[in-house]
$ cat input.pdb   # PDB, C-alpha atoms
ATOM      1  CA  MET L1062      26.298 -25.971  70.006  1.00  0.00           C
ATOM      2  CA  ILE L1063      23.466 -25.565  67.500  1.00  0.00           C
ATOM      3  CA  PRO L1064      20.680 -26.965  69.758  1.00  0.00           C
ATOM      4  CA  TYR L1065      22.041 -24.944  72.679  1.00  0.00           C
ATOM      5  CA  ILE L1066      21.900 -21.627  70.812  1.00  0.00           C
ATOM      6  CA  LEU L1067      18.519 -22.322  69.203  1.00  0.00           C
ATOM      7  CA  SER L1068      16.938 -23.307  72.521  1.00  0.00           C
ATOM      8  CA  SER L1069      18.490 -20.452  74.535  1.00  0.00           C
ATOM      9  CA  ALA L1070      18.338 -17.404  72.248  1.00  0.00           C
ATOM     10  CA  SER L1071      15.610 -15.840  70.119  1.00  0.00           C
ATOM     11  CA  THR L1072      17.666 -13.019  68.545  1.00  0.00           C
ATOM     12  CA  VAL L1073      21.161 -12.537  67.177  1.00  0.00           C
ATOM     13  CA  PHE L1074      21.852 -10.159  70.064  1.00  0.00           C
ATOM     14  CA  GLU L1075      21.015 -12.863  72.634  1.00  0.00           C
ATOM     15  CA  ALA L1076      22.994 -15.488  70.714  1.00  0.00           C
ATOM     16  CA  ARG L1077      26.050 -13.248  70.552  1.00  0.00           C
ATOM     17  CA  LYS L1078      25.947 -12.805  74.322  1.00  0.00           C
ATOM     18  CA  LEU L1079      25.733 -16.572  74.860  1.00  0.00           C
ATOM     19  CA  LEU L1080      28.598 -17.218  72.448  1.00  0.00           C
ATOM     20  CA  GLY L1081      30.788 -14.880  74.462  1.00  0.00           C
ATOM     21  CA  GLU L1082      30.349 -17.156  77.483  1.00  0.00           C
ATOM     22  CA  ILE L1083      31.053 -20.606  76.008  1.00  0.00           C
ATOM     23  CA  ASN L1084      34.109 -22.626  75.036  1.00  0.00           C
ATOM     24  CA  LEU L1085      34.089 -25.264  72.298  1.00  0.00           C
ATOM     25  CA  VAL L1086      36.219 -28.302  73.104  1.00  0.00           C
ATOM     26  CA  ASP L1087      38.398 -30.296  70.715  1.00  0.00           C
ATOM     27  CA  ILE L1088      36.777 -33.672  71.422  1.00  0.00           C
ATOM     28  CA  ASN L1089      35.478 -35.968  68.696  1.00  0.00           C
ATOM     29  CA  PHE L1090      31.783 -36.876  68.871  1.00  0.00           C
ATOM     30  CA  ALA L1091      32.800 -40.492  68.197  1.00  0.00           C
ATOM     31  CA  ASP L1092      35.813 -42.364  66.832  1.00  0.00           C
ATOM     32  CA  GLU L1093      34.118 -42.666  63.449  1.00  0.00           C
ATOM     33  CA  LEU L1094      32.878 -39.052  63.551  1.00  0.00           C
ATOM     34  CA  PRO L1095      35.912 -36.765  63.913  1.00  0.00           C
ATOM     35  CA  LEU L1096      35.474 -33.027  64.283  1.00  0.00           C
ATOM     36  CA  SER L1097      35.242 -30.876  61.169  1.00  0.00           C
ATOM     37  CA  PRO L1098      36.344 -27.220  60.822  1.00  0.00           C
ATOM     38  CA  LEU L1099      32.838 -25.748  60.763  1.00  0.00           C
ATOM     39  CA  HIS L1100      31.597 -22.190  60.282  1.00  0.00           C
ATOM     40  CA  TRP L1101      28.153 -21.007  61.396  1.00  0.00           C
ATOM     41  CA  MET L1102      25.943 -18.135  60.291  1.00  0.00           C
ATOM     42  CA  LEU L1103      23.191 -16.931  62.615  1.00  0.00           C
ATOM     43  CA  SER L1104      20.386 -14.624  61.483  1.00  0.00           C
ATOM     44  CA  ASP L1105      17.055 -13.429  62.847  1.00  0.00           C
ATOM     45  CA  ASN L1106      13.962 -11.809  61.363  1.00  0.00           C
ATOM     46  CA  SER L1107      15.344  -8.323  62.001  1.00  0.00           C
ATOM     47  CA  GLY L1108      17.842  -8.894  59.207  1.00  0.00           C
ATOM     48  CA  LYS L1109      20.854  -9.000  61.524  1.00  0.00           C
ATOM     49  CA  SER L1110      23.404 -11.709  60.824  1.00  0.00           C
ATOM     50  CA  ILE L1111      26.667 -12.878  62.395  1.00  0.00           C
ATOM     51  CA  VAL L1112      29.291 -15.500  61.575  1.00  0.00           C
ATOM     52  CA  VAL L1113      30.862 -17.739  64.223  1.00  0.00           C
ATOM     53  CA  GLU L1114      34.185 -19.498  63.619  1.00  0.00           C
ATOM     54  CA  PRO L1115      36.234 -21.541  66.106  1.00  0.00           C
ATOM     55  CA  LEU L1116      39.884 -20.837  65.264  1.00  0.00           C
ATOM     56  CA  GLU L1117      43.165 -21.770  66.940  1.00  0.00           C
ATOM     57  CA  ASP L1118      43.240 -18.484  68.843  1.00  0.00           C
ATOM     58  CA  GLY L1119      39.638 -18.685  70.038  1.00  0.00           C
ATOM     59  CA  LEU L1120      36.028 -18.327  68.994  1.00  0.00           C
ATOM     60  CA  LYS L1121      35.612 -15.481  66.499  1.00  0.00           C
ATOM     61  CA  ILE L1122      32.325 -13.630  66.002  1.00  0.00           C
ATOM     62  CA  TYR L1123      31.873 -11.296  63.027  1.00  0.00           C
ATOM     63  CA  ASP L1124      29.055  -9.047  61.892  1.00  0.00           C
ATOM     64  CA  ASN L1125      27.869 -10.304  58.513  1.00  0.00           C
ATOM     65  CA  PRO L1126      26.762  -7.406  56.281  1.00  0.00           C
ATOM     66  CA  VAL L1127      26.437  -9.582  53.146  1.00  0.00           C
ATOM     67  CA  GLY L1128      24.281 -12.329  54.656  1.00  0.00           C
ATOM     68  CA  VAL L1129      26.153 -15.249  53.050  1.00  0.00           C
ATOM     69  CA  LEU L1130      28.801 -17.748  54.123  1.00  0.00           C
ATOM     70  CA  THR L1131      31.015 -20.382  52.497  1.00  0.00           C
ATOM     71  CA  ASN L1132      33.933 -22.503  53.706  1.00  0.00           C
ATOM     72  CA  ASN L1133      37.574 -21.542  54.339  1.00  0.00           C
ATOM     73  CA  PRO L1134      39.358 -19.151  54.374  1.00  0.00           C
ATOM     74  CA  PRO L1135      38.024 -17.450  57.533  1.00  0.00           C
ATOM     75  CA  PHE L1136      35.148 -15.013  57.133  1.00  0.00           C
ATOM     76  CA  ASP L1137      37.140 -11.802  57.629  1.00  0.00           C
ATOM     77  CA  LYS L1138      39.423 -12.747  54.720  1.00  0.00           C
ATOM     78  CA  GLN L1139      36.418 -13.659  52.546  1.00  0.00           C
ATOM     79  CA  LEU L1140      34.832 -10.301  53.307  1.00  0.00           C
ATOM     80  CA  PHE L1141      38.033  -8.401  52.501  1.00  0.00           C
ATOM     81  CA  THR L1142      38.302 -10.123  49.114  1.00  0.00           C
ATOM     82  CA  LEU L1143      35.047  -8.455  48.039  1.00  0.00           C
ATOM     83  CA  ASN L1144      37.090  -5.263  47.643  1.00  0.00           C
ATOM     84  CA  ASN L1145      38.432  -6.817  44.433  1.00  0.00           C
ATOM     85  CA  TYR L1146      34.931  -6.715  42.947  1.00  0.00           C
ATOM     86  CA  ARG L1147      33.774  -3.242  44.002  1.00  0.00           C
ATOM     87  CA  ASN L1148      33.477  -2.175  40.331  1.00  0.00           C
ATOM     88  CA  LEU L1149      30.869  -4.833  39.497  1.00  0.00           C
ATOM     89  CA  SER L1150      27.288  -3.792  38.854  1.00  0.00           C
ATOM     90  CA  ASN L1151      23.951  -5.139  37.676  1.00  0.00           C
ATOM     91  CA  ARG L1152      24.026  -2.383  35.032  1.00  0.00           C
ATOM     92  CA  ASN L1153      26.244  -2.215  31.976  1.00  0.00           C
ATOM     93  CA  PRO L1154      29.367  -0.082  32.558  1.00  0.00           C
ATOM     94  CA  GLU L1155      30.372   3.178  30.918  1.00  0.00           C
ATOM     95  CA  ASN L1156      33.257   3.069  28.465  1.00  0.00           C
ATOM     96  CA  THR L1157      36.221   4.276  30.545  1.00  0.00           C
ATOM     97  CA  PHE L1158      38.872   2.347  28.616  1.00  0.00           C
ATOM     98  CA  GLY L1159      40.625   5.561  27.591  1.00  0.00           C
ATOM     99  CA  GLY L1160      41.346   7.552  24.478  1.00  0.00           C
ATOM    100  CA  SER L1161      38.856   7.750  21.653  1.00  0.00           C
ATOM    101  CA  ILE L1162      38.402   3.994  21.200  1.00  0.00           C
ATOM    102  CA  ASP L1163      34.733   3.234  20.521  1.00  0.00           C
ATOM    103  CA  LEU L1164      33.976   0.026  22.434  1.00  0.00           C
ATOM    104  CA  ASP L1165      30.649  -1.663  21.791  1.00  0.00           C
ATOM    105  CA  GLU L1166      28.120  -2.649  24.454  1.00  0.00           C
ATOM    106  CA  TYR L1167      27.329  -5.947  22.772  1.00  0.00           C
ATOM    107  CA  SER L1168      25.435  -7.713  25.575  1.00  0.00           C
ATOM    108  CA  ARG L1169      23.485  -7.155  28.762  1.00  0.00           C
ATOM    109  CA  GLY L1170      25.200  -8.271  31.958  1.00  0.00           C
ATOM    110  CA  MET L1171      28.585  -6.752  31.096  1.00  0.00           C
ATOM    111  CA  GLY L1172      28.610  -4.911  34.424  1.00  0.00           C
ATOM    112  CA  ALA L1173      29.358  -8.227  36.121  1.00  0.00           C
ATOM    113  CA  ILE L1174      32.329  -9.162  33.926  1.00  0.00           C
ATOM    114  CA  GLY L1175      35.023 -10.314  36.337  1.00  0.00           C
ATOM    115  CA  LEU L1176      32.621 -12.029  38.725  1.00  0.00           C
ATOM    116  CA  PRO L1177      34.236 -15.421  39.418  1.00  0.00           C
ATOM    117  CA  GLY L1178      32.522 -18.581  38.283  1.00  0.00           C
ATOM    118  CA  ASP L1179      34.788 -21.324  39.583  1.00  0.00           C
ATOM    119  CA  LEU L1180      33.870 -23.652  42.457  1.00  0.00           C
ATOM    120  CA  SER L1181      36.424 -22.540  45.064  1.00  0.00           C
ATOM    121  CA  SER L1182      34.911 -21.289  48.320  1.00  0.00           C
ATOM    122  CA  SER L1183      36.306 -17.772  47.855  1.00  0.00           C
ATOM    123  CA  SER L1184      34.847 -17.468  44.364  1.00  0.00           C
ATOM    124  CA  ARG L1185      31.491 -18.864  45.430  1.00  0.00           C
ATOM    125  CA  PHE L1186      31.444 -16.377  48.324  1.00  0.00           C
ATOM    126  CA  ALA L1187      31.941 -13.439  45.967  1.00  0.00           C
ATOM    127  CA  LYS L1188      29.387 -14.701  43.464  1.00  0.00           C
ATOM    128  CA  VAL L1189      26.625 -15.469  45.961  1.00  0.00           C
ATOM    129  CA  ALA L1190      27.228 -12.161  47.776  1.00  0.00           C
ATOM    130  CA  PHE L1191      26.789 -10.303  44.463  1.00  0.00           C
ATOM    131  CA  THR L1192      23.751 -12.381  43.507  1.00  0.00           C
ATOM    132  CA  ARG L1193      22.036 -11.877  46.873  1.00  0.00           C
ATOM    133  CA  ALA L1194      22.765  -8.147  46.947  1.00  0.00           C
ATOM    134  CA  ASN L1195      21.222  -7.621  43.497  1.00  0.00           C
ATOM    135  CA  SER L1196      18.457 -10.225  43.501  1.00  0.00           C
ATOM    136  CA  HIS L1197      14.824  -9.243  43.130  1.00  0.00           C
ATOM    137  CA  SER L1198      11.713 -11.230  43.983  1.00  0.00           C
ATOM    138  CA  SER L1199       7.984 -10.582  43.965  1.00  0.00           C
ATOM    139  CA  GLY L1200       7.985 -10.350  47.764  1.00  0.00           C
ATOM    140  CA  ASP L1201       5.309 -12.960  48.463  1.00  0.00           C
ATOM    141  CA  GLU L1202       6.073 -16.338  50.025  1.00  0.00           C
ATOM    142  CA  ALA L1203       6.299 -18.318  46.784  1.00  0.00           C
ATOM    143  CA  GLY L1204       8.393 -15.647  45.071  1.00  0.00           C
ATOM    144  CA  SER L1205      10.809 -15.340  47.976  1.00  0.00           C
ATOM    145  CA  VAL L1206      11.263 -19.095  48.266  1.00  0.00           C
ATOM    146  CA  SER L1207      11.795 -19.438  44.516  1.00  0.00           C
ATOM    147  CA  GLN L1208      14.341 -16.621  44.523  1.00  0.00           C
ATOM    148  CA  PHE L1209      16.202 -18.179  47.467  1.00  0.00           C
ATOM    149  CA  PHE L1210      16.807 -21.369  45.490  1.00  0.00           C
ATOM    150  CA  HIS L1211      17.907 -19.368  42.453  1.00  0.00           C
ATOM    151  CA  ILE L1212      20.425 -17.444  44.600  1.00  0.00           C
ATOM    152  CA  LEU L1213      22.004 -20.593  45.999  1.00  0.00           C
ATOM    153  CA  GLY L1214      21.684 -22.282  42.616  1.00  0.00           C
ATOM    154  CA  SER L1215      24.141 -19.719  41.265  1.00  0.00           C
ATOM    155  CA  VAL L1216      26.913 -21.363  43.309  1.00  0.00           C
ATOM    156  CA  GLU L1217      25.822 -24.986  43.535  1.00  0.00           C
ATOM    157  CA  GLN L1218      28.436 -27.651  42.830  1.00  0.00           C
ATOM    158  CA  GLN L1219      27.715 -30.183  40.109  1.00  0.00           C
ATOM    159  CA  ASN L1220      28.662 -33.799  40.663  1.00  0.00           C
ATOM    160  CA  GLY L1221      31.931 -34.527  38.875  1.00  0.00           C
ATOM    161  CA  CYS L1222      33.399 -31.006  38.817  1.00  0.00           C
ATOM    162  CA  THR L1223      35.198 -31.055  42.188  1.00  0.00           C
ATOM    163  CA  PHE L1224      37.441 -34.076  42.720  1.00  0.00           C
ATOM    164  CA  ILE L1225      38.034 -35.296  46.295  1.00  0.00           C
ATOM    165  CA  ASP L1226      40.457 -38.217  46.796  1.00  0.00           C
ATOM    166  CA  ASP L1227      38.664 -41.259  45.472  1.00  0.00           C
ATOM    167  CA  PRO L1228      38.311 -41.623  41.661  1.00  0.00           C
ATOM    168  CA  ASP L1229      34.579 -42.176  42.137  1.00  0.00           C
ATOM    169  CA  LEU L1230      33.916 -39.471  44.753  1.00  0.00           C
ATOM    170  CA  PHE L1231      33.231 -35.806  44.085  1.00  0.00           C
ATOM    171  CA  GLU L1232      32.101 -32.871  46.169  1.00  0.00           C
ATOM    172  CA  TYR L1233      28.672 -31.636  45.126  1.00  0.00           C
ATOM    173  CA  THR L1234      25.596 -29.885  46.509  1.00  0.00           C
ATOM    174  CA  ILE L1235      23.616 -32.733  48.095  1.00  0.00           C
ATOM    175  CA  TYR L1236      20.655 -30.588  49.129  1.00  0.00           C
ATOM    176  CA  THR L1237      19.526 -26.972  49.545  1.00  0.00           C
ATOM    177  CA  SER L1238      17.016 -25.822  52.157  1.00  0.00           C
ATOM    178  CA  CYS L1239      15.460 -22.751  53.734  1.00  0.00           C
ATOM    179  CA  TYR L1240      12.960 -22.011  56.492  1.00  0.00           C
ATOM    180  CA  ASN L1241       9.997 -19.740  57.017  1.00  0.00           C
ATOM    181  CA  THR L1242      10.648 -19.247  60.728  1.00  0.00           C
ATOM    182  CA  ASN L1243       7.407 -17.324  61.309  1.00  0.00           C
ATOM    183  CA  ASP L1244       5.133 -20.116  60.071  1.00  0.00           C
ATOM    184  CA  GLY L1245       7.432 -23.083  60.723  1.00  0.00           C
ATOM    185  CA  ILE L1246       7.861 -24.302  57.160  1.00  0.00           C
ATOM    186  CA  LEU L1247      10.897 -26.105  55.776  1.00  0.00           C
ATOM    187  CA  TYR L1248      11.529 -25.947  52.031  1.00  0.00           C
ATOM    188  CA  TYR L1249      14.136 -28.150  50.377  1.00  0.00           C
ATOM    189  CA  ARG L1250      15.498 -29.484  47.109  1.00  0.00           C
ATOM    190  CA  THR L1251      17.917 -32.366  46.656  1.00  0.00           C
ATOM    191  CA  TYR L1252      20.529 -32.901  43.980  1.00  0.00           C
ATOM    192  CA  ASN L1253      18.395 -35.520  42.241  1.00  0.00           C
ATOM    193  CA  ASN L1254      15.058 -33.769  42.768  1.00  0.00           C
ATOM    194  CA  SER L1255      14.873 -30.159  41.604  1.00  0.00           C
ATOM    195  CA  GLN L1256      11.225 -29.775  42.673  1.00  0.00           C
ATOM    196  CA  ILE L1257      10.784 -27.720  45.868  1.00  0.00           C
ATOM    197  CA  THR L1258       9.308 -29.830  48.696  1.00  0.00           C
ATOM    198  CA  ALA L1259       7.790 -28.318  51.857  1.00  0.00           C
ATOM    199  CA  VAL L1260       7.118 -29.610  55.379  1.00  0.00           C
ATOM    200  CA  SER L1261       4.904 -27.535  57.687  1.00  0.00           C
ATOM    201  CA  LEU L1262       5.218 -27.826  61.460  1.00  0.00           C
ATOM    202  CA  ALA L1263       1.763 -26.260  61.810  1.00  0.00           C
ATOM    203  CA  ASN L1264       0.236 -29.428  60.353  1.00  0.00           C
ATOM    204  CA  GLU L1265       1.703 -31.624  63.099  1.00  0.00           C
ATOM    205  CA  ASP L1266       0.956 -32.139  66.786  1.00  0.00           C
ATOM    206  CA  LEU L1267       3.920 -30.295  68.291  1.00  0.00           C
ATOM    207  CA  ASN L1268       2.970 -31.497  71.785  1.00  0.00           C
ATOM    208  CA  SER L1269       3.330 -35.123  70.768  1.00  0.00           C
ATOM    209  CA  LYS L1270       6.115 -37.174  72.333  1.00  0.00           C
ATOM    210  CA  ASP L1271       6.441 -39.287  69.193  1.00  0.00           C
ATOM    211  CA  LEU L1272       9.197 -38.606  66.686  1.00  0.00           C
ATOM    212  CA  ILE L1273       7.794 -37.449  63.350  1.00  0.00           C
ATOM    213  CA  ASN L1274       9.947 -38.477  60.423  1.00  0.00           C
ATOM    214  CA  TYR L1275       9.716 -37.672  56.714  1.00  0.00           C
ATOM    215  CA  LEU L1276      11.932 -39.414  54.208  1.00  0.00           C
ATOM    216  CA  LEU L1277      13.587 -37.145  51.654  1.00  0.00           C
ATOM    217  CA  ILE L1278      11.915 -37.156  48.254  1.00  0.00           C
ATOM    218  CA  ASN L1279      15.112 -37.753  46.335  1.00  0.00           C
ATOM    219  CA  ASP L1280      13.776 -38.981  42.976  1.00  0.00           C
ATOM    220  CA  GLU L1281      13.245 -36.362  40.283  1.00  0.00           C
ATOM    221  CA  GLN L1282       9.624 -35.189  40.155  1.00  0.00           C
ATOM    222  CA  ILE L1283       8.737 -34.394  36.531  1.00  0.00           C
ATOM    223  CA  LYS L1284       5.283 -33.087  35.682  1.00  0.00           C
ATOM    224  CA  PHE L1285       4.084 -34.171  32.254  1.00  0.00           C
ATOM    225  CA  ILE L1286       1.532 -31.801  30.710  1.00  0.00           C
ATOM    226  CA  ASN L1287       0.477 -34.015  27.790  1.00  0.00           C
TER     227      ASN L1287
END

$ encode --input "input.pdb" --output "C-alpha cells"
Amino acid sequence: MIPYILSSASTVFEARKLLGEINLVDINFADELPLSPLHWMLSDNSGKSIVVEPLEDGLKIYDNPVGVLTNNPPFDKQLFTLNNYRNLSNRNPENTFGGSIDLDEYSRGMGAIGLPGDLSSSSRFAKVAFTRANSHSSGDEAGSVSQFFHILGSVEQQNGCTFIDDPDLFEYTIYTSCYNTNDGILYYRTYNNSQITAVSLANEDLNSKDLINYLLINDEQIKFIN
C-alpha cells in the first residue's frame, strides 16, 4: 500500500481519495512474513495529516490534529484519552488546591505533572503529543532536524525495559528517521549510534537504473576534542 500511495498521490487530499477506493486483503506476504496490525500516518507540506487503520469493520481514516501516532489502541481512542491531560501546560500552574494552604512552586516544569512516562503506547502517545505541541526550534534546517530527534527521543524505548517473550529479547527503538521532502534528504539515528546521519538524493543520479545502497552506520560515532 505504501508504494501505491506514494506513487499515486502528492497531497493528503489525493491520498484520502485513493484510500476510499481500495481494499486491503488479509493475505500474508510470505509464510515466514505474516501480516502485522499496522497503522499509518500520512502528512504533506501543508501541515495536514491523517491516520489510516485497517480494522475488522473496514479501513478507517481519521484527521490527525496532533501530528503523532503510536500503536494500539486505535487512533480515535488514543485521541480521546488526551482529554485526561487537558490541564497540562508548559507553564507552572496557579495554586488552586483550595483554602488558604500556601503551596510552594519549588521547580520549573510543574505544569506537566501528570504527563505519563511509562512505555505503553497510550502513554507514549500522550507524551509525544504534548512534547510536539509545545516544542520550539530555531526554524532553520539543522534546528528543525535536531528538534525532531529530541521530540521522538522523549518516547524512545530503551533496550531491556520492555520484555517480549524470550528472556533475551526486548522491544526497543531500533532507529529514528525523518525526511526533508523538499530537498530529498533522509536523516536517521540508530540505537547504537546517536549521531545524526544524512543521505541526500540530490547527490545521486536519480535517472540511473542501478540500485544505490548505503549500509547503516550503526557503530557509535564519538568525536574526541583532545

$ resolve_selection --input "input.pdb" --expression "the PyMOL selection byres ((chain L and resi 1206-1217) around 9)" --output "PyMOL selection string"
chain L and resi 1178-1180+1184-1186+1188-1189+1192-1193+1196-1199+1201-1205+1218-1219+1233-1234+1237-1241+1248-1250+1257

$ resolve_selection --input "input.pdb" --expression "the PyMOL selection byres ((chain L and resi 1097) around 12)" --output "count of residues only"
15

$ atom_distance --input "input.pdb" --atom1 "CA of Phe1141 in chain L" --atom2 "CA of Arg1077 in chain L"
22.2 Å

$ resolve_selection --input "input.pdb" --expression "the PyMOL selection byres ((chain L and resi 1173) around 9)" --output "ChimeraX atom specification"
/L:1146,1148-1154,1170-1172,1174-1176,1191

$ atom_distance --input "input.pdb" --atom1 "CA of Glu1155 in chain L" --atom2 "CA of Ser1168 in chain L"
13.1 Å

$ atom_distance --input "input.pdb" --atom1 "CA of Ser1183 in chain L" --atom2 "CA of Val1127 in chain L"
13.9 Å

$ closest_residue --input "input.pdb" --among "L:Ile1083, L:Ala1187, L:Ile1278, L:Ala1091" --to "Asn1253 in chain L" --atoms "only C-alpha atoms"
L:Ile1278
